>>> print(open('work04.pdb').read())   # PDB, C-alpha atoms
ATOM      1  CA  ASP A 187      35.447   2.451   5.156
ATOM      2  CA  ALA A 188      33.170   3.670   2.390
ATOM      3  CA  ILE A 189      30.393   1.405   3.686
ATOM      4  CA  LYS A 190      30.864   2.672   7.238
ATOM      5  CA  THR A 191      30.815   6.275   6.087
ATOM      6  CA  LYS A 192      27.578   5.751   4.163
ATOM      7  CA  TRP A 193      25.628   3.771   6.745
ATOM      8  CA  ILE A 194      26.853   4.199  10.321
ATOM      9  CA  ASP A 195      24.764   6.675  12.363
ATOM     10  CA  ARG A 196      22.359   7.126   9.452
ATOM     11  CA  ARG A 197      18.594   6.672   9.671
ATOM     12  CA  VAL A 198      17.257   3.928   7.415
ATOM     13  CA  CYS A 199      14.114   2.121   6.343
ATOM     14  CA  GLY A 200      14.357  -1.562   5.531
ATOM     15  CA  ASP A 201      12.791  -4.203   3.320
ATOM     16  CA  ILE A 202      11.375  -6.834   5.669
ATOM     17  CA  ASN A 203      12.076  -9.857   3.432
ATOM     18  CA  VAL A 204      15.605 -11.210   3.921
ATOM     19  CA  GLY A 205      16.777 -13.624   1.253
ATOM     20  CA  CYS A 206      19.510 -16.213   1.647
ATOM     21  CA  ALA A 207      21.646 -14.481  -1.054
ATOM     22  CA  SER A 208      22.793 -17.832  -2.424
ATOM     23  CA  CYS A 209      19.862 -19.466  -4.234
ATOM     24  CA  GLY A 210      18.831 -19.116  -7.867
ATOM     25  CA  VAL A 211      16.062 -16.668  -6.940
ATOM     26  CA  CYS A 212      18.336 -14.321  -4.970
ATOM     27  CA  ASP A 213      21.158 -14.190  -7.515
ATOM     28  CA  ASN A 214      18.675 -14.352 -10.421
ATOM     29  CA  THR A 215      20.424 -17.293 -12.082
ATOM     30  CA  PHE A 216      16.903 -18.621 -12.663
ATOM     31  CA  GLY A 217      16.191 -15.463 -14.680
ATOM     32  CA  LEU A 218      12.909 -14.860 -12.861
ATOM     33  CA  ASP A 219      13.344 -11.108 -12.260
ATOM     34  CA  GLY A 220      12.928 -10.524 -15.982
ATOM     35  CA  ARG A 221       9.547 -12.261 -16.003
ATOM     36  CA  CYS A 222       8.288 -11.491 -12.497
ATOM     37  CA  SER A 223       8.795  -7.997 -11.115
ATOM     38  CA  LYS A 224      11.328  -8.069  -8.257
ATOM     39  CA  MET A 225      11.032 -11.819  -7.685
ATOM     40  CA  SER A 226      14.429 -11.799  -5.970
ATOM     41  CA  ARG A 227      13.404  -9.122  -3.446
ATOM     42  CA  ASN A 228      10.241 -10.790  -2.168
ATOM     43  CA  HIS A 229      10.329 -14.507  -2.882
ATOM     44  CA  CYS A 230      13.510 -16.267  -1.827
ATOM     45  CA  PRO A 231      12.288 -19.768  -0.793
ATOM     46  CA  ASN A 232      14.651 -19.656   2.204
ATOM     47  CA  ARG A 233      13.769 -16.127   3.339
ATOM     48  CA  THR A 234      13.159 -14.851   6.810
ATOM     49  CA  VAL A 235      10.747 -11.962   7.365
ATOM     50  CA  LEU A 236      11.336  -9.253   9.929
ATOM     51  CA  GLY A 237       8.986  -9.679  12.878
ATOM     52  CA  ILE A 238       6.984 -12.380  11.059
ATOM     53  CA  LEU A 239       9.087 -15.405  10.142
ATOM     54  CA  ASN A 240      12.190 -16.529  12.050
ATOM     55  CA  LYS A 241      13.597 -13.015  12.538
ATOM     56  CA  ASP A 242      13.121 -10.675  15.491
ATOM     57  CA  GLY A 243      11.156  -7.544  14.673
ATOM     58  CA  THR A 244      11.075  -4.047  16.108
ATOM     59  CA  PHE A 245       9.723  -5.123  19.504
ATOM     60  CA  ALA A 246      13.098  -6.757  20.112
ATOM     61  CA  GLU A 247      15.847  -4.752  21.817
ATOM     62  CA  TYR A 248      18.055  -5.090  18.733
ATOM     63  CA  LEU A 249      17.370  -6.106  15.161
ATOM     64  CA  THR A 250      19.503  -6.620  12.072
ATOM     65  CA  LEU A 251      19.018  -6.355   8.327
ATOM     66  CA  PRO A 252      21.506  -6.778   5.475
ATOM     67  CA  ILE A 253      22.783  -3.564   3.922
ATOM     68  CA  SER A 254      21.109  -4.645   0.677
ATOM     69  CA  ASN A 255      17.748  -4.256   2.456
ATOM     70  CA  LEU A 256      18.395  -0.716   3.660
ATOM     71  CA  HIS A 257      17.276   2.627   2.243
ATOM     72  CA  LEU A 258      18.635   5.932   3.516
ATOM     73  CA  VAL A 259      16.072   8.337   4.957
ATOM     74  CA  PRO A 260      16.565  11.927   3.716
ATOM     75  CA  ASP A 261      18.048  14.192   6.376
ATOM     76  CA  ASP A 262      15.076  16.577   6.262
ATOM     77  CA  MET A 263      12.462  13.822   6.673
ATOM     78  CA  SER A 264      11.194  13.221  10.209
ATOM     79  CA  ASP A 265      10.962   9.763  11.745
ATOM     80  CA  GLU A 266       7.205  10.246  12.019
ATOM     81  CA  ILE A 267       6.947  10.568   8.236
ATOM     82  CA  ALA A 268       9.572   7.964   7.327
ATOM     83  CA  VAL A 269       7.770   5.131   9.128
ATOM     84  CA  PHE A 270       5.014   5.354   6.534
ATOM     85  CA  SER A 271       7.451   4.057   3.910
ATOM     86  CA  GLU A 272       6.670   0.361   4.400
ATOM     87  CA  PRO A 273       2.853   0.516   4.082
ATOM     88  CA  LEU A 274       3.174   3.065   1.285
ATOM     89  CA  ALA A 275       5.603   0.748  -0.497
ATOM     90  CA  ALA A 276       3.015  -2.042  -0.308
ATOM     91  CA  ALA A 277       0.634   0.278  -2.157
ATOM     92  CA  CYS A 278       3.350   1.118  -4.700
ATOM     93  CA  ARG A 279       3.755  -2.596  -5.384
ATOM     94  CA  ILE A 280       0.563  -2.554  -7.483
ATOM     95  CA  VAL A 281       2.175  -0.024  -9.817
ATOM     96  CA  GLU A 282       5.464  -1.915  -9.797
ATOM     97  CA  GLN A 283       3.644  -5.081 -10.872
ATOM     98  CA  GLY A 284       2.077  -3.221 -13.797
ATOM     99  CA  LEU A 285      -1.431  -4.361 -12.903
ATOM    100  CA  VAL A 286      -3.226  -1.210 -14.106
ATOM    101  CA  ARG A 287      -3.160  -0.357 -17.814
ATOM    102  CA  TYR A 288      -2.996   3.342 -18.647
ATOM    103  CA  GLN A 289      -2.214   3.114 -22.359
ATOM    104  CA  GLY A 290      -4.676   3.293 -25.222
ATOM    105  CA  THR A 291      -8.026   4.987 -25.635
ATOM    106  CA  HIS A 292      -9.652   3.090 -22.754
ATOM    107  CA  PRO A 293      -7.421   3.078 -19.655
ATOM    108  CA  ASP A 294      -8.395   0.656 -16.925
ATOM    109  CA  LYS A 295     -11.210   1.615 -14.580
ATOM    110  CA  VAL A 296     -10.058   0.890 -11.042
ATOM    111  CA  ALA A 297     -11.962   0.213  -7.820
ATOM    112  CA  ILE A 298     -10.386  -0.054  -4.364
ATOM    113  CA  LEU A 299     -12.248  -1.799  -1.540
ATOM    114  CA  GLY A 300     -11.429  -0.907   2.056
ATOM    115  CA  ASP A 301     -10.724   2.345   3.887
ATOM    116  CA  GLY A 302      -8.276   1.015   6.447
ATOM    117  CA  LYS A 303      -4.694   2.267   6.503
ATOM    118  CA  LEU A 304      -3.610   0.089   3.582
ATOM    119  CA  GLY A 305      -6.683   0.890   1.491
ATOM    120  CA  LEU A 306      -6.076   4.609   1.982
ATOM    121  CA  MET A 307      -2.400   4.253   1.037
ATOM    122  CA  ILE A 308      -3.444   2.415  -2.143
ATOM    123  CA  ALA A 309      -5.890   5.212  -2.948
ATOM    124  CA  GLU A 310      -3.129   7.787  -2.384
ATOM    125  CA  VAL A 311      -0.813   5.953  -4.807
ATOM    126  CA  LEU A 312      -3.253   4.904  -7.549
ATOM    127  CA  GLY A 313      -4.972   8.285  -7.573
ATOM    128  CA  ARG A 314      -1.656  10.039  -8.114
ATOM    129  CA  GLU A 315      -0.529   7.469 -10.667
ATOM    130  CA  HIS A 316      -3.748   8.086 -12.625
ATOM    131  CA  SER A 317      -3.165  11.847 -12.639
ATOM    132  CA  SER A 318       0.529  11.458 -13.454
ATOM    133  CA  ARG A 319      -0.044   9.073 -16.374
ATOM    134  CA  LEU A 320      -3.211  10.570 -17.836
ATOM    135  CA  GLY A 321      -3.162  14.165 -16.620
ATOM    136  CA  PRO A 322      -5.418  15.719 -13.982
ATOM    137  CA  ASN A 323      -8.025  16.710 -16.572
ATOM    138  CA  ALA A 324      -8.242  13.393 -18.413
ATOM    139  CA  ASP A 325     -11.660  12.068 -19.413
ATOM    140  CA  ALA A 326     -10.877   8.648 -17.909
ATOM    141  CA  PRO A 327     -12.726   8.111 -14.587
ATOM    142  CA  TYR A 328     -10.722   8.463 -11.418
ATOM    143  CA  PRO A 329     -10.116   5.336  -9.312
ATOM    144  CA  VAL A 330     -13.063   4.717  -6.999
ATOM    145  CA  LEU A 331     -12.459   4.071  -3.297
ATOM    146  CA  PHE A 332     -15.283   2.239  -1.537
ATOM    147  CA  GLY A 333     -15.270   2.480   2.254
ATOM    148  CA  LYS A 334     -17.510   2.355   5.314
ATOM    149  CA  HIS A 335     -16.247   5.347   7.277
ATOM    150  CA  GLN A 336     -16.827   8.914   6.170
ATOM    151  CA  HIS A 337     -14.035  10.345   8.332
ATOM    152  CA  LYS A 338     -11.549   7.963   6.695
ATOM    153  CA  LEU A 339     -12.715   8.675   3.157
ATOM    154  CA  ASP A 340     -12.292  12.376   3.871
ATOM    155  CA  PHE A 341      -8.535  11.832   4.260
ATOM    156  CA  VAL A 342      -8.171  11.291   0.513
ATOM    157  CA  ARG A 343     -11.285  12.889  -0.955
ATOM    158  CA  ASP A 344      -9.706  16.202  -1.984
ATOM    159  CA  SER A 345      -6.032  15.332  -2.373
ATOM    160  CA  ALA A 346      -5.481  11.867  -3.816
ATOM    161  CA  GLY A 347      -7.366  12.070  -7.112
ATOM    162  CA  VAL A 348      -9.914   9.393  -6.245
ATOM    163  CA  ASP A 349     -13.692   9.206  -6.243
ATOM    164  CA  CYS A 350     -14.794   8.293  -2.699
ATOM    165  CA  ARG A 351     -18.005   6.315  -2.265
ATOM    166  CA  ASN A 352     -19.700   4.579   0.641
ATOM    167  CA  VAL A 353     -19.489   0.847   0.062
ATOM    168  CA  SER A 354     -23.268   0.585   0.499
ATOM    169  CA  GLU A 355     -23.578   2.099  -3.000
ATOM    170  CA  ALA A 356     -21.916  -1.006  -4.432
ATOM    171  CA  LYS A 357     -24.215  -3.464  -2.680
ATOM    172  CA  ASP A 358     -27.684  -4.714  -3.504
ATOM    173  CA  GLU A 359     -29.007  -7.577  -1.403
ATOM    174  CA  LYS A 360     -31.672  -8.312  -4.024
ATOM    175  CA  ALA A 361     -29.110  -8.908  -6.774
ATOM    176  CA  PHE A 362     -28.017 -12.511  -7.349
ATOM    177  CA  ASN A 363     -24.397 -11.650  -6.529
ATOM    178  CA  GLY A 364     -25.150  -8.937  -3.981
ATOM    179  CA  VAL A 365     -23.689  -6.168  -6.162
ATOM    180  CA  ALA A 366     -25.606  -3.102  -7.344
ATOM    181  CA  SER A 367     -26.210  -3.108 -11.104
ATOM    182  CA  GLU A 368     -24.529   0.280 -11.668
ATOM    183  CA  HIS A 369     -21.267  -1.149 -10.345
ATOM    184  CA  ALA A 370     -21.483  -4.862 -11.122
ATOM    185  CA  GLY A 371     -18.806  -5.901 -13.618
ATOM    186  CA  LYS A 372     -17.891  -2.272 -14.348
ATOM    187  CA  TYR A 373     -14.221  -2.246 -13.283
ATOM    188  CA  ASP A 374     -11.178  -3.575 -15.115
ATOM    189  CA  VAL A 375      -9.070  -3.779 -11.956
ATOM    190  CA  VAL A 376     -10.411  -4.230  -8.417
ATOM    191  CA  VAL A 377      -8.104  -4.071  -5.389
ATOM    192  CA  ASP A 378      -9.353  -5.827  -2.258
ATOM    193  CA  ALA A 379      -7.875  -4.311   0.898
ATOM    194  CA  THR A 380     -10.814  -5.031   3.202
ATOM    195  CA  GLY A 381      -9.204  -7.773   5.264
ATOM    196  CA  SER A 382     -12.516  -9.625   5.067
ATOM    197  CA  PRO A 383     -13.715 -12.721   3.154
ATOM    198  CA  ALA A 384     -16.893 -10.766   2.321
ATOM    199  CA  GLY A 385     -14.731  -8.150   0.630
ATOM    200  CA  LEU A 386     -13.362 -10.771  -1.726
ATOM    201  CA  SER A 387     -16.865 -11.713  -2.876
ATOM    202  CA  LEU A 388     -17.803  -8.073  -3.449
ATOM    203  CA  ALA A 389     -14.552  -7.481  -5.335
ATOM    204  CA  ALA A 390     -15.311 -10.379  -7.675
ATOM    205  CA  GLY A 391     -18.751  -8.903  -8.365
ATOM    206  CA  LEU A 392     -17.331  -5.478  -9.189
ATOM    207  CA  CYS A 393     -14.742  -6.875 -11.591
ATOM    208  CA  ARG A 394     -15.636  -7.272 -15.270
ATOM    209  CA  PRO A 395     -15.225 -10.676 -16.962
ATOM    210  CA  MET A 396     -11.523 -11.369 -17.625
ATOM    211  CA  GLY A 397     -10.597  -8.429 -15.408
ATOM    212  CA  THR A 398      -7.920  -8.344 -12.705
ATOM    213  CA  LEU A 399      -8.590  -8.843  -9.012
ATOM    214  CA  VAL A 400      -5.685  -7.694  -6.829
ATOM    215  CA  LEU A 401      -5.540  -9.232  -3.370
ATOM    216  CA  LYS A 402      -4.006  -7.152  -0.611
ATOM    217  CA  SER A 403      -5.970  -8.959   2.111
ATOM    218  CA  THR A 404      -4.417 -12.004   3.761
ATOM    219  CA  CYS A 405      -7.527 -13.213   5.569
ATOM    220  CA  ALA A 406      -8.592 -16.831   5.263
ATOM    221  CA  ALA A 407     -11.604 -17.228   2.984
ATOM    222  CA  GLY A 408     -13.018 -20.126   5.014
ATOM    223  CA  GLU A 409     -14.841 -23.276   3.976
ATOM    224  CA  GLN A 410     -17.701 -21.382   2.303
ATOM    225  CA  PHE A 411     -15.453 -19.880  -0.371
ATOM    226  CA  ASN A 412     -17.258 -19.931  -3.729
ATOM    227  CA  ALA A 413     -14.883 -20.251  -6.674
ATOM    228  CA  ALA A 414     -17.646 -20.116  -9.309
ATOM    229  CA  PRO A 415     -17.506 -16.331 -10.062
ATOM    230  CA  PHE A 416     -13.749 -16.500 -10.552
ATOM    231  CA  VAL A 417     -13.997 -19.402 -12.984
ATOM    232  CA  ILE A 418     -17.123 -18.316 -14.854
ATOM    233  CA  ASP A 419     -15.876 -14.751 -15.369
ATOM    234  CA  GLU A 420     -12.306 -15.932 -16.003
ATOM    235  CA  LEU A 421     -10.906 -13.451 -13.520
ATOM    236  CA  LYS A 422      -7.175 -13.012 -13.141
ATOM    237  CA  VAL A 423      -6.415 -13.080  -9.411
ATOM    238  CA  VAL A 424      -3.074 -11.549  -8.433
ATOM    239  CA  GLY A 425      -1.541 -11.385  -4.993
ATOM    240  CA  SER A 426       0.373  -8.230  -4.102
ATOM    241  CA  ARG A 427       2.749  -7.897  -1.146
ATOM    242  CA  CYS A 428       5.758  -5.792  -0.236
ATOM    243  CA  GLY A 429       6.826  -3.033  -2.580
ATOM    244  CA  PRO A 430       9.624  -0.589  -3.395
ATOM    245  CA  ILE A 431      10.602   1.397  -0.302
ATOM    246  CA  ASP A 432      12.808   3.679  -2.393
ATOM    247  CA  LYS A 433       9.751   4.744  -4.410
ATOM    248  CA  ALA A 434       7.751   5.261  -1.212
ATOM    249  CA  LEU A 435      10.479   7.517   0.175
ATOM    250  CA  GLU A 436      10.389   9.536  -3.041
ATOM    251  CA  LEU A 437       6.655  10.117  -2.612
ATOM    252  CA  LEU A 438       7.073  11.003   1.054
ATOM    253  CA  ALA A 439       9.809  13.476   0.131
ATOM    254  CA  LEU A 440       7.207  15.521  -1.755
ATOM    255  CA  ASP A 441       5.845  16.558   1.640
ATOM    256  CA  MET A 442       9.282  17.814   2.672
ATOM    257  CA  GLU A 443       9.763  19.736  -0.574
ATOM    258  CA  GLU A 444       6.400  21.433  -0.135
ATOM    259  CA  GLU A 445       7.194  22.448   3.446
ATOM    260  CA  GLY A 446      10.634  23.701   2.486
ATOM    261  CA  GLY A 447       9.544  25.377  -0.736
ATOM    262  CA  GLY A 448      12.018  23.298  -2.720
ATOM    263  CA  GLY A 449      12.438  24.165  -6.358
ATOM    264  CA  ASP A 450      12.464  20.543  -7.530
ATOM    265  CA  ILE A 451       8.972  19.652  -6.339
ATOM    266  CA  ASN A 452       6.870  17.853  -8.942
ATOM    267  CA  LYS A 453       3.907  20.175  -9.384
ATOM    268  CA  SER A 454       1.893  17.458 -11.154
ATOM    269  CA  ILE A 455       1.829  15.233  -8.049
ATOM    270  CA  GLN A 456       0.123  16.413  -4.875
ATOM    271  CA  PRO A 457       2.102  15.847  -1.657
ATOM    272  CA  LEU A 458       0.653  13.028   0.444
ATOM    273  CA  ARG A 459       0.746  14.871   3.789
ATOM    274  CA  VAL A 460       0.749  11.528   5.621
ATOM    275  CA  SER A 461       0.981  13.245   8.997
ATOM    276  CA  LYS A 462      -2.812  13.553   8.765
ATOM    277  CA  TYR A 463      -3.020   9.811   9.490
ATOM    278  CA  LEU A 464      -1.077  10.081  12.742
ATOM    279  CA  THR A 465      -3.577   9.990  15.603
ATOM    280  CA  LYS A 466      -1.113  10.269  18.476
ATOM    281  CA  THR A 467       2.518   9.682  19.452
ATOM    282  CA  PHE A 468       3.711   8.216  22.750
ATOM    283  CA  PRO A 469       7.117   7.929  24.431
ATOM    284  CA  LEU A 470       8.431   4.415  24.967
ATOM    285  CA  SER A 471       7.630   4.689  28.661
ATOM    286  CA  GLU A 472       3.923   4.861  27.733
ATOM    287  CA  ALA A 473       3.927   1.881  25.363
ATOM    288  CA  THR A 474       1.013   0.227  27.188
ATOM    289  CA  GLU A 475      -1.149   3.310  26.707
ATOM    290  CA  ALA A 476      -0.090   3.456  23.054
ATOM    291  CA  ILE A 477      -1.256  -0.111  22.433
ATOM    292  CA  LYS A 478      -4.606   0.665  24.075
ATOM    293  CA  CYS A 479      -4.992   3.762  21.884
ATOM    294  CA  ALA A 480      -4.166   1.742  18.766
ATOM    295  CA  ALA A 481      -7.023  -0.654  19.590
ATOM    296  CA  GLU A 482      -9.652   2.111  19.517
ATOM    297  CA  ARG A 483     -11.862   2.101  16.436
ATOM    298  CA  THR A 484     -11.324   5.772  15.653
ATOM    299  CA  THR A 485      -7.529   5.495  15.739
ATOM    300  CA  MET A 486      -5.720   5.607  12.405
ATOM    301  CA  LYS A 487      -2.079   5.295  13.435
ATOM    302  CA  VAL A 488      -0.154   5.417  16.692
ATOM    303  CA  GLN A 489       3.613   5.863  16.922
ATOM    304  CA  ILE A 490       5.902   5.028  19.827
ATOM    305  CA  ILE A 491       8.940   7.321  19.970
ATOM    306  CA  CYS A 492      11.870   5.221  21.167
ATOM    307  CA  SER A 493      14.561   7.892  21.137
ATOM    308  CA  GLU A 494      15.189   9.682  24.428
ATOM    309  CA  GLU A 495      16.414  12.790  22.606
TER     310      GLU A 495
END
>>> encode(input="work04.pdb", output="structure tokens")
Amino acid sequence: DAIKTKWIDRRVCGDINVGCASCGVCDNTFGLDGRCSKMSRNHCPNRTVLGILNKDGTFAEYLTLPISNLHLVPDDMSDEIAVFSEPLAAACRIVEQGLVRYQGTHPDKVAILGDGKLGLMIAEVLGREHSSRLGPNADAPYPVLFGKHQHKLDFVRDSAGVDCRNVSEAKDEKAFNGVASEHAGKYDVVVDATGSPAGLSLAAGLCRPMGTLVLKSTCAAGEQFNAAPFVIDELKVVGSRCGPIDKALELLALDMEEEGGGGDINKSIQPLRVSKYLTKTFPLSEATEAIKCAAERTTMKVQIICSEE
């Protein structure tokens, strides 16, 4: 009864990875969670993945997730805001993995490549993490977001605590590695969210020797992949996938607190105001038009409202 009271008729967000709940990864009898952040959440060897691997996704009429995968959406948070929790959680995963060092006299310099939806979410998170850890007036340089589209960079320029640059500033076709000298090897941590094999090469050139290259892109590198820069510079390459939805909901709740004038709002962290990314919403009856809109180059995000209410 307690479970029914908590969950039935409540709005939820869900982790998309569904473990088997019986292997040594899921029950942590292998002890991997202590060495690898949230190994049990993301990496059951027998997992299914919502809408991706052996489990119907949200285009199905019905879908299921275990209660252990669910996170309650605050009552004052709209559906339009709550659906940003999954991509925002993927950005939060970088923090959860502890890939950026903020301690000491020389905190990590961070570069983010890509101004698509995921790249912008990463900028939103890492910019705020920088300000939260070091203070808004710290001498340490802000994370740098390199992108191709001015209108996309403008989404985070004044609110996220990042330094927005056109990616052309980082390139130099005359350089042996194609990277401009003022940026080559200047970053301790580089996050590649370009979705392009070319982005991986540029990321390697931006990263200092023995630095960390975080891969958020899942594109195939192809047969021409050159491993030499990674070996010569002894780069640490780290994949980064799904993250903590509960943390993402906490960040999204800052928007609600600001709108409602709540007394508990964290004044040191700027609200994300993710509604700015929403290009247009459509009713379910116009799903075909929504998919066409989503394919347009200027579109950031389209939402299909399934409820008839």
>>> atom_distance(input="work04.pdb", atom1="CA of Ala277 in chain A", atom2="CA of Gly210 in chain A")
27.2 Å
>>> closest_residue(input="work04.pdb", among="A:Cys428, A:Met263, A:Leu339, A:Ile189", to="Asn352 in chain A", atoms="only C-alpha atoms")
A:Leu339
>>> residues_around(input="work04.pdb", residues="Ile280 in chain A", least_positions_apart="6", cutoff="9 Å", atoms="all atoms listed in the file", output="count of residues only")
7
>>> closest_residue(input="work04.pdb", among="A:Thr244, A:Ser254, A:Thr404, A:Gln456", to="Cys212 in chain A", atoms="only C-alpha atoms")
A:Ser254
>>> closest_residue(input="work04.pdb", among="A:Pro383, A:Gly397, A:Pro430, A:Gly321", to="Ile418 in chain A", atoms="all atoms listed in the file")
A:Gly397
>>> atom_distance(input="work04.pdb", atom1="CA of Ile298 in chain A", atom2="CA of Gly313 in chain A")
10.4 Å
>>> atom_distance(input="work04.pdb", atom1="CA of Pro469 in chain A", atom2="CA of Ile491 in chain A")
4.9 Å
>>> closest_residue(input="work04.pdb", among="A:Asp262, A:Asp349, A:Asp195, A:Glu247", to="Leu440 in chain A", atoms="only C-alpha atoms")
A:Asp262
>>> residues_near_point(input="work04.pdb", point="(11.2, -12.5, -4.4)", cutoff="10 Å", atoms="all atoms listed in the file", output="JSON list (two decimals) with C-alpha atoms, keeping the file's coordinate frame")
[["chain", "number", "residue", "atom", "x", "y", "z"],
["A", 203, "ASN", "CA", 12.08, -9.86, 3.43],
["A", 204, "VAL", "CA", 15.60, -11.21, 3.92],
["A", 205, "GLY", "CA", 16.78, -13.62, 1.25],
["A", 211, "VAL", "CA", 16.06, -16.67, -6.94],
["A", 212, "CYS", "CA", 18.34, -14.32, -4.97],
["A", 214, "ASN", "CA", 18.68, -14.35, -10.42],
["A", 218, "LEU", "CA", 12.91, -14.86, -12.86],
["A", 219, "ASP", "CA", 13.34, -11.11, -12.26],
["A", 222, "CYS", "CA", 8.29, -11.49, -12.50],
["A", 223, "SER", "CA", 8.80, -8.00, -11.12],
["A", 224, "LYS", "CA", 11.33, -8.07, -8.26],
["A", 225, "MET", "CA", 11.03, -11.82, -7.68],
["A", 226, "SER", "CA", 14.43, -11.80, -5.97],
["A", 227, "ARG", "CA", 13.40, -9.12, -3.45],
["A", 228, "ASN", "CA", 10.24, -10.79, -2.17],
["A", 229, "HIS", "CA", 10.33, -14.51, -2.88],
["A", 230, "CYS", "CA", 13.51, -16.27, -1.83],
["A", 231, "PRO", "CA", 12.29, -19.77, -0.79],
["A", 233, "ARG", "CA", 13.77, -16.13, 3.34],
["A", 428, "CYS", "CA", 5.76, -5.79, -0.24]]
>>> resolve_selection(input="work04.pdb", expression="the PyMOL selection byres ((chain A and resi 436) around 12)", output="ChimeraX atom specification")
/A:257-260,263,267-268,270-271,274-275,278,311,430-435,437-443,451-452,455,457-458
>>> closest_residue(input="work04.pdb", among="A:Ser493, A:Asn240, A:Ser345, A:Asn412", to="Arg459 in chain A", atoms="all atoms listed in the file")
A:Ser345
>>> resolve_selection(input="work04.pdb", expression="the PyMOL selection byres ((chain A and resi 355) around 12)", output="CSV table (one decimal) with C-alpha atoms, in the coordinates of the input")
chain,number,residue,atom,x,y,z
A,330,VAL,CA,-13.1,4.7,-7.0
A,331,LEU,CA,-12.5,4.1,-3.3
A,332,PHE,CA,-15.3,2.2,-1.5
A,333,GLY,CA,-15.3,2.5,2.3
A,334,LYS,CA,-17.5,2.4,5.3
A,350,CYS,CA,-14.8,8.3,-2.7
A,351,ARG,CA,-18.0,6.3,-2.3
A,352,ASN,CA,-19.7,4.6,0.6
A,353,VAL,CA,-19.5,0.8,0.1
A,354,SER,CA,-23.3,0.6,0.5
A,356,ALA,CA,-21.9,-1.0,-4.4
A,357,LYS,CA,-24.2,-3.5,-2.7
A,358,ASP,CA,-27.7,-4.7,-3.5
A,359,GLU,CA,-29.0,-7.6,-1.4
A,364,GLY,CA,-25.2,-8.9,-4.0
A,365,VAL,CA,-23.7,-6.2,-6.2
A,366,ALA,CA,-25.6,-3.1,-7.3
A,367,SER,CA,-26.2,-3.1,-11.1
A,368,GLU,CA,-24.5,0.3,-11.7
A,369,HIS,CA,-21.3,-1.1,-10.3
A,370,ALA,CA,-21.5,-4.9,-11.1
A,388,LEU,CA,-17.8,-8.1,-3.4
A,392,LEU,CA,-17.3,-5.5,-9.2
>>> closest_residue(input="work04.pdb", among="A:Arg394, A:Ala246, A:Lys338, A:Asp201", to="Tyr463 in chain A", atoms="only C-alpha atoms")
A:Lys338
>>> resolve_selection(input="work04.pdb", expression="the PyMOL selection byres ((chain A and resi 389) around 8)", output="list in words")
Leu299, Val376, Val377, Asp378, Gly385, Leu386, Ser387, Leu388, Ala390, Gly391, Leu392, Cys393 and Leu399 of chain A
>>> residues_around(input="work04.pdb", residues="Val296 in chain A", least_positions_apart="3", cutoff="6 Å", atoms="all atoms listed in the file", output="VMD selection string")
chain A and resid 329 373 375 to 376
>>> axis_aligned_box(input="work04.pdb", around="range 336-349 of chain A", padding_each_side="3 Å", output="AutoDock Vina command-line options")
--center_x -11.2 --center_y 12.1 --center_z 0.6 --size_x 17.3 --size_y 14.2 --size_z 21.4
